[in-house]
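For reference, structure.pdb is printed below; it contains PDB, C-alpha atoms.
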ATOM      1  CA  MET O  21     -63.256 -14.361  47.454
ATOM      2  CA  ASN O  22     -60.133 -13.752  45.414
ATOM      3  CA  LEU O  23     -56.577 -12.465  45.570
ATOM      4  CA  PHE O  24     -55.472  -9.484  43.511
ATOM      5  CA  ARG O  25     -52.174  -7.850  42.688
ATOM      6  CA  SER O  26     -53.351  -4.346  43.549
ATOM      7  CA  GLU O  27     -56.331  -2.133  44.259
ATOM      8  CA  GLU O  28     -56.365  -1.155  40.578
ATOM      9  CA  HIS O  29     -56.978  -4.762  39.612
ATOM     10  CA  VAL O  30     -59.811  -5.012  42.146
ATOM     11  CA  THR O  31     -61.450  -1.909  40.703
ATOM     12  CA  ALA O  32     -61.092  -3.116  37.123
ATOM     13  CA  TRP O  33     -62.488  -6.552  37.992
ATOM     14  CA  LEU O  34     -65.485  -5.084  39.802
ATOM     15  CA  GLY O  35     -66.503  -2.901  36.864
ATOM     16  CA  THR O  36     -69.953  -1.553  37.690
ATOM     17  CA  ARG O  37     -70.611  -4.027  40.493
ATOM     18  CA  PRO O  38     -70.791  -2.679  44.017
ATOM     19  CA  PRO O  39     -67.534  -3.375  45.844
ATOM     20  CA  GLY O  40     -67.177  -5.518  48.897
ATOM     21  CA  VAL O  41     -64.212  -5.030  51.186
ATOM     22  CA  THR O  42     -60.502  -5.337  50.368
ATOM     23  CA  VAL O  43     -58.042  -6.384  53.064
ATOM     24  CA  PRO O  44     -54.319  -7.209  53.067
ATOM     25  CA  VAL O  45     -53.420 -10.825  52.389
ATOM     26  CA  THR O  46     -51.729 -10.894  55.790
ATOM     27  CA  THR O  47     -55.120 -10.327  57.415
ATOM     28  CA  LEU O  48     -56.620 -13.056  55.253
ATOM     29  CA  SER O  49     -53.942 -15.513  56.330
ATOM     30  CA  ALA O  50     -54.469 -14.681  59.996
ATOM     31  CA  LEU O  51     -58.212 -15.087  59.550
ATOM     32  CA  ALA O  52     -57.853 -18.420  57.757
ATOM     33  CA  HIS O  53     -55.579 -19.860  60.398
ATOM     34  CA  ALA O  54     -57.903 -18.771  63.210
ATOM     35  CA  TRP O  55     -61.036 -19.918  61.353
ATOM     36  CA  TRP O  56     -59.886 -23.250  59.918
ATOM     37  CA  GLY O  57     -57.148 -24.361  62.307
ATOM     38  CA  ASP O  58     -59.309 -26.864  64.180
ATOM     39  CA  ARG O  59     -61.143 -28.403  61.200
ATOM     40  CA  LEU O  60     -59.240 -31.672  61.359
ATOM     41  CA  ALA O  61     -59.015 -31.897  65.129
ATOM     42  CA  PRO O  62     -60.289 -35.283  66.350
ATOM     43  CA  GLY O  63     -62.594 -33.584  68.835
ATOM     44  CA  TRP O  64     -63.920 -30.910  66.481
ATOM     45  CA  THR O  65     -67.285 -29.517  67.408
ATOM     46  CA  PRO O  66     -69.338 -26.931  65.519
ATOM     47  CA  HIS O  67     -68.533 -23.280  66.053
ATOM     48  CA  SER O  68     -71.316 -21.058  67.236
ATOM     49  CA  ARG O  69     -72.023 -17.845  65.386
ATOM     50  CA  GLN O  70     -70.612 -15.993  68.390
ATOM     51  CA  GLN O  71     -67.368 -17.976  68.167
ATOM     52  CA  ASN O  72     -67.041 -17.236  64.468
ATOM     53  CA  GLN O  73     -67.800 -13.558  65.022
ATOM     54  CA  ALA O  74     -65.079 -13.476  67.673
ATOM     55  CA  VAL O  75     -62.601 -14.867  65.134
ATOM     56  CA  LEU O  76     -63.465 -12.082  62.685
ATOM     57  CA  ASP O  77     -63.262  -9.479  65.435
ATOM     58  CA  GLY O  78     -59.939 -10.918  66.574
ATOM     59  CA  VAL O  79     -58.242 -10.145  63.270
ATOM     60  CA  GLY O  80     -59.776  -6.710  63.044
ATOM     61  CA  LEU O  81     -62.628  -7.513  60.659
ATOM     62  CA  THR O  82     -65.332  -5.543  62.391
ATOM     63  CA  GLY O  83     -68.277  -3.462  61.282
ATOM     64  CA  GLU O  84     -71.541  -4.223  59.523
ATOM     65  CA  PHE O  85     -69.928  -5.905  56.491
ATOM     66  CA  TRP O  86     -68.388  -8.585  58.711
ATOM     67  CA  ARG O  87     -71.482  -9.251  60.858
ATOM     68  CA  LEU O  88     -72.520 -12.877  60.392
ATOM     69  CA  GLY O  89     -76.181 -12.251  61.059
TER
ATOM     70  CA  MET K 259     -75.849 -30.760  65.806
ATOM     71  CA  GLU K 260     -76.286 -34.239  67.205
ATOM     72  CA  PRO K 261     -73.138 -36.001  68.476
ATOM     73  CA  ALA K 262     -73.645 -38.790  65.937
ATOM     74  CA  ASP K 263     -73.597 -36.241  63.115
ATOM     75  CA  VAL K 264     -70.477 -34.584  64.532
ATOM     76  CA  ALA K 265     -68.800 -38.011  64.541
ATOM     77  CA  LEU K 266     -69.877 -38.624  60.938
ATOM     78  CA  ARG K 267     -68.569 -35.221  59.942
ATOM     79  CA  ASN K 268     -65.227 -35.881  61.626
ATOM     80  CA  ASP K 269     -64.919 -39.320  60.015
ATOM     81  CA  THR K 270     -65.743 -37.782  56.630
ATOM     82  CA  TYR K 271     -63.089 -35.092  57.000
ATOM     83  CA  ARG K 272     -60.555 -37.692  58.152
ATOM     84  CA  ALA K 273     -61.300 -39.776  55.066
ATOM     85  CA  PHE K 274     -60.981 -36.721  52.814
ATOM     86  CA  VAL K 275     -57.478 -35.983  54.087
ATOM     87  CA  THR K 276     -56.403 -39.617  54.064
ATOM     88  CA  LEU K 277     -57.591 -40.166  50.512
ATOM     89  CA  GLY K 278     -56.591 -36.730  49.217
ATOM     90  CA  ARG K 279     -60.066 -36.377  47.714
ATOM     91  CA  ALA K 280     -63.691 -36.472  48.767
ATOM     92  CA  PRO K 281     -64.784 -39.896  49.965
ATOM     93  CA  SER K 282     -67.916 -41.489  48.563
ATOM     94  CA  ALA K 283     -70.822 -42.450  50.784
ATOM     95  CA  ASP K 284     -69.902 -46.075  50.125
ATOM     96  CA  GLU K 285     -66.348 -45.519  51.382
ATOM     97  CA  VAL K 286     -67.458 -43.747  54.544
ATOM     98  CA  ALA K 287     -70.133 -46.359  55.177
ATOM     99  CA  ALA K 288     -67.598 -49.179  54.850
ATOM    100  CA  ALA K 289     -65.221 -47.460  57.265
ATOM    101  CA  ARG K 290     -67.996 -46.886  59.804
ATOM    102  CA  GLY K 291     -69.725 -50.240  59.448
ATOM    103  CA  THR K 292     -72.976 -48.688  58.348
ATOM    104  CA  THR K 293     -74.907 -48.289  55.123
ATOM    105  CA  PRO K 294     -74.456 -45.708  52.355
ATOM    106  CA  ASP K 295     -78.058 -44.583  52.862
ATOM    107  CA  GLU K 296     -77.329 -43.890  56.517
ATOM    108  CA  VAL K 297     -74.253 -41.864  55.553
ATOM    109  CA  LEU K 298     -76.222 -39.901  52.962
ATOM    110  CA  ARG K 299     -78.948 -39.070  55.464
ATOM    111  CA  GLY K 300     -76.288 -37.808  57.856
ATOM    112  CA  TRP K 301     -74.499 -35.843  55.139
ATOM    113  CA  ARG K 302     -77.778 -34.123  54.235
ATOM    114  CA  ARG K 303     -78.249 -33.048  57.844
ATOM    115  CA  LEU K 304     -74.641 -31.795  57.903
ATOM    116  CA  HIS K 305     -75.275 -29.926  54.641
ATOM    117  CA  ASP K 306     -78.288 -28.230  56.214
ATOM    118  CA  GLU K 307     -76.116 -27.279  59.198
ATOM    119  CA  HIS K 308     -73.384 -25.869  56.873
ATOM    120  CA  ALA K 309     -70.887 -28.446  58.195
ATOM    121  CA  LEU K 310     -70.192 -29.619  54.634
ATOM    122  CA  VAL K 311     -71.682 -28.968  51.210
ATOM    123  CA  LEU K 312     -73.202 -31.601  48.942
ATOM    124  CA  ASP K 313     -73.523 -31.377  45.191
ATOM    125  CA  ALA K 314     -76.796 -30.509  43.510
ATOM    126  CA  GLY K 315     -77.829 -34.146  43.486
ATOM    127  CA  GLY K 316     -77.278 -34.434  47.222
ATOM    128  CA  THR K 317     -75.231 -37.617  46.954
ATOM    129  CA  GLN K 318     -71.613 -36.425  46.723
ATOM    130  CA  ILE K 319     -69.486 -34.010  48.679
ATOM    131  CA  ARG K 320     -68.888 -30.699  46.886
ATOM    132  CA  MET K 321     -67.054 -28.957  49.717
ATOM    133  CA  ALA K 322     -65.580 -30.068  52.986
ATOM    134  CA  ASN K 323     -64.497 -26.537  53.728
ATOM    135  CA  PRO K 324     -61.799 -25.438  53.274
ATOM    136  CA  PHE K 325     -61.258 -28.335  50.847
ATOM    137  CA  SER K 326     -63.019 -28.504  47.502
ATOM    138  CA  ALA K 327     -63.983 -31.831  46.019
ATOM    139  CA  VAL K 328     -63.846 -30.415  42.512
ATOM    140  CA  PRO K 329     -61.115 -28.522  40.640
ATOM    141  CA  THR K 330     -61.093 -24.786  41.256
ATOM    142  CA  ALA K 331     -58.890 -21.790  40.475
ATOM    143  CA  HIS K 332     -57.244 -22.138  43.893
ATOM    144  CA  ARG K 333     -54.679 -24.943  44.153
ATOM    145  CA  VAL K 334     -52.649 -25.606  47.256
ATOM    146  CA  ARG K 335     -49.546 -27.720  47.695
ATOM    147  CA  ALA K 336     -49.464 -28.805  51.321
ATOM    148  CA  GLY K 337     -48.606 -31.912  53.254
ATOM    149  CA  GLY K 338     -47.070 -33.544  50.211
ATOM    150  CA  ARG K 339     -50.216 -33.296  48.093
ATOM    151  CA  TRP K 340     -52.090 -30.920  45.817
ATOM    152  CA  TRP K 341     -55.494 -29.809  47.062
ATOM    153  CA  TYR K 342     -58.210 -27.631  45.641
ATOM    154  CA  ALA K 343     -59.672 -24.900  47.832
ATOM    155  CA  ASN K 344     -63.025 -23.200  47.372
ATOM    156  CA  CYS K 345     -61.663 -19.653  47.376
ATOM    157  CA  ALA K 346     -58.614 -17.626  48.395
ATOM    158  CA  TRP K 347     -59.683 -17.697  52.032
ATOM    159  CA  ASP K 348     -59.995 -21.472  51.927
ATOM    160  CA  ALA K 349     -56.630 -21.788  50.177
ATOM    161  CA  PHE K 350     -54.956 -20.416  53.283
ATOM    162  CA  GLY K 351     -57.396 -22.568  55.252
ATOM    163  CA  VAL K 352     -55.980 -25.737  53.716
ATOM    164  CA  CYS K 353     -52.572 -24.897  55.196
ATOM    165  CA  ALA K 354     -54.274 -23.968  58.463
ATOM    166  CA  ALA K 355     -56.300 -27.170  58.686
ATOM    167  CA  LEU K 356     -53.288 -29.325  57.874
ATOM    168  CA  HIS K 357     -51.056 -27.272  60.188
ATOM    169  CA  THR K 358     -48.355 -27.029  57.606
ATOM    170  CA  ASP K 359     -46.592 -24.581  55.341
ATOM    171  CA  GLY K 360     -47.711 -24.612  51.746
ATOM    172  CA  ARG K 361     -47.829 -22.984  48.361
ATOM    173  CA  ILE K 362     -50.965 -21.448  46.920
ATOM    174  CA  GLU K 363     -51.385 -21.127  43.179
ATOM    175  CA  THR K 364     -54.185 -19.026  41.797
ATOM    176  CA  SER K 365     -54.577 -16.135  39.380
ATOM    177  CA  CYS K 366     -55.647 -12.519  39.426
ATOM    178  CA  PRO K 367     -59.339 -12.540  38.354
ATOM    179  CA  ASP K 368     -58.808  -9.222  36.575
ATOM    180  CA  CYS K 369     -55.751  -9.790  34.400
ATOM    181  CA  GLY K 370     -55.380 -13.546  34.648
ATOM    182  CA  ASP K 371     -51.760 -13.393  35.700
ATOM    183  CA  PRO K 372     -50.725 -16.342  37.831
ATOM    184  CA  LEU K 373     -50.245 -15.689  41.522
ATOM    185  CA  ALA K 374     -48.147 -18.046  43.621
ATOM    186  CA  ILE K 375     -47.886 -17.473  47.340
ATOM    187  CA  ALA K 376     -45.770 -19.418  49.782
ATOM    188  CA  VAL K 377     -47.237 -19.783  53.259
ATOM    189  CA  GLU K 378     -44.611 -20.127  55.953
ATOM    190  CA  ASP K 379     -45.297 -20.150  59.680
ATOM    191  CA  GLU K 380     -48.899 -19.128  58.995
ATOM    192  CA  ARG K 381     -47.834 -16.049  57.033
ATOM    193  CA  PRO K 382     -47.864 -15.256  53.318
ATOM    194  CA  GLU K 383     -44.430 -14.810  51.834
ATOM    195  CA  ASP K 384     -45.665 -11.876  49.711
ATOM    196  CA  PRO K 385     -47.579  -9.431  51.932
ATOM    197  CA  SER K 386     -48.362  -7.045  49.082
ATOM    198  CA  LEU K 387     -51.307  -8.984  47.667
ATOM    199  CA  LEU K 388     -54.884  -8.007  48.424
ATOM    200  CA  PHE K 389     -57.967 -10.068  49.241
ATOM    201  CA  HIS K 390     -61.353  -8.866  48.076
ATOM    202  CA  CYS K 391     -64.499 -10.178  49.715
ATOM    203  CA  LEU K 392     -67.444  -9.274  47.497
ATOM    204  CA  LEU K 393     -70.365 -10.235  49.724
ATOM    205  CA  PRO K 394     -71.085  -9.197  53.292
ATOM    206  CA  ALA K 395     -70.777 -11.956  55.883
ATOM    207  CA  ARG K 396     -74.514 -12.321  56.429
ATOM    208  CA  ARG K 397     -74.886 -13.383  52.754
ATOM    209  CA  TRP K 398     -72.060 -15.925  52.528
ATOM    210  CA  TRP K 399     -74.363 -18.912  52.846
ATOM    211  CA  ASP K 400     -77.065 -17.584  50.498
ATOM    212  CA  ASP K 401     -75.126 -19.352  47.731
ATOM    213  CA  ILE K 402     -71.926 -20.772  49.160
ATOM    214  CA  VAL K 403     -70.609 -21.978  45.806
ATOM    215  CA  PHE K 404     -70.846 -18.417  44.422
ATOM    216  CA  THR K 405     -69.399 -16.952  47.620
TER
END
Would you put the structure from the file into structure tokens?
Amino acid sequence: MNLFRSEEHVTAWLGTRPPGVTVPVTTLSALAHAWWGDRLAPGWTPHSRQQNQAVLDGVGLTGEFWRLG
Amino acid sequence: MEPADVALRNDTYRAFVTLGRAPSADEVAAARGTTPDEVLRGWRRLHDEHALVLDAGGTQIRMANPFSAVPTAHRVRAGGRWWYANCAWDAFGVCAALHTDGRIETSCPDCGDPLAIAVEDERPEDPSLLFHCLLPARRWWDDIVFT
């Protein structure tokens, strides 16, 4: 899970490997803040898979690639 | 996850942020008034539940996601300290978990050029960068260190 300067750099880095999915860094930041924002909360409790899936859905990361299981 | 394990997990995370590094089982045991063996047994249950990640020996914290206990290619300046994150996603997660602005320093895996990104009000200063996720979500925990 890395950052790249451009799609050309992603393609060059992948080489012959099958690609995953590329998203804007703005989406990544929104995802990270929704996903990790409560990690240090005193009353943290584990997220269910449904909760985590809702976080992905909430930032527009939908479809088979983003299904947690 | 049992409430006692949730409490251990929360104490472990609190210690990580207070110390600025992963706590040892001895340190967490001393803070909780228990034994290192008891902490290690709890950490192993938390590892199995994906609430933290232990090293290969099962005795030290490798990841308290989004924080990494070992140096990585993703450094984050946040809350007056430098942190290591496990990946680009976790680098933003460090700012998110600490509820603070920050600065992420990493590099393009293709060309090796340094990439520095300020995070302000939960947004990246440079919106032109791209994030590539290689593995589908259902495979993230097959090998979380690789992911």
Requested in this report: Just the residues within 7 Å of stretch 305-313 of chain K, please, counting all atoms listed in the file, with nothing from its chain fewer than 6 positions along; format it as a ChimeraX atom specification.
Outcome: /K:319-323
Query raised in the report: Taking the file as shown, what set of residues would the PyMOL selection byres ((chain O) within 9 of (chain K)) give back, as a PyMOL selection string?
Result: chain O and resi 21-27+29-34+38-66+84-89
Report task. Starting from the shown file, work through the PyMOL selection byres ((chain K and resi 283) around 7) and note down what comes out as a VMD selection string. Result -> chain K and resid 281 to 282 284 to 287 294 297 to 298
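The two atoms in question, atom CA of K:Gly291 and atom CA of K:Gln318, are spaced 18.9 Å apart.
From atom CA of K:Thr330 back to atom CA of K:Ala289, the distance works out to 28.1 Å.
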Query raised in the report: How many Å separate atom CA of K:Tyr342 from atom CA of K:Glu296?
Result: 27.4 Å
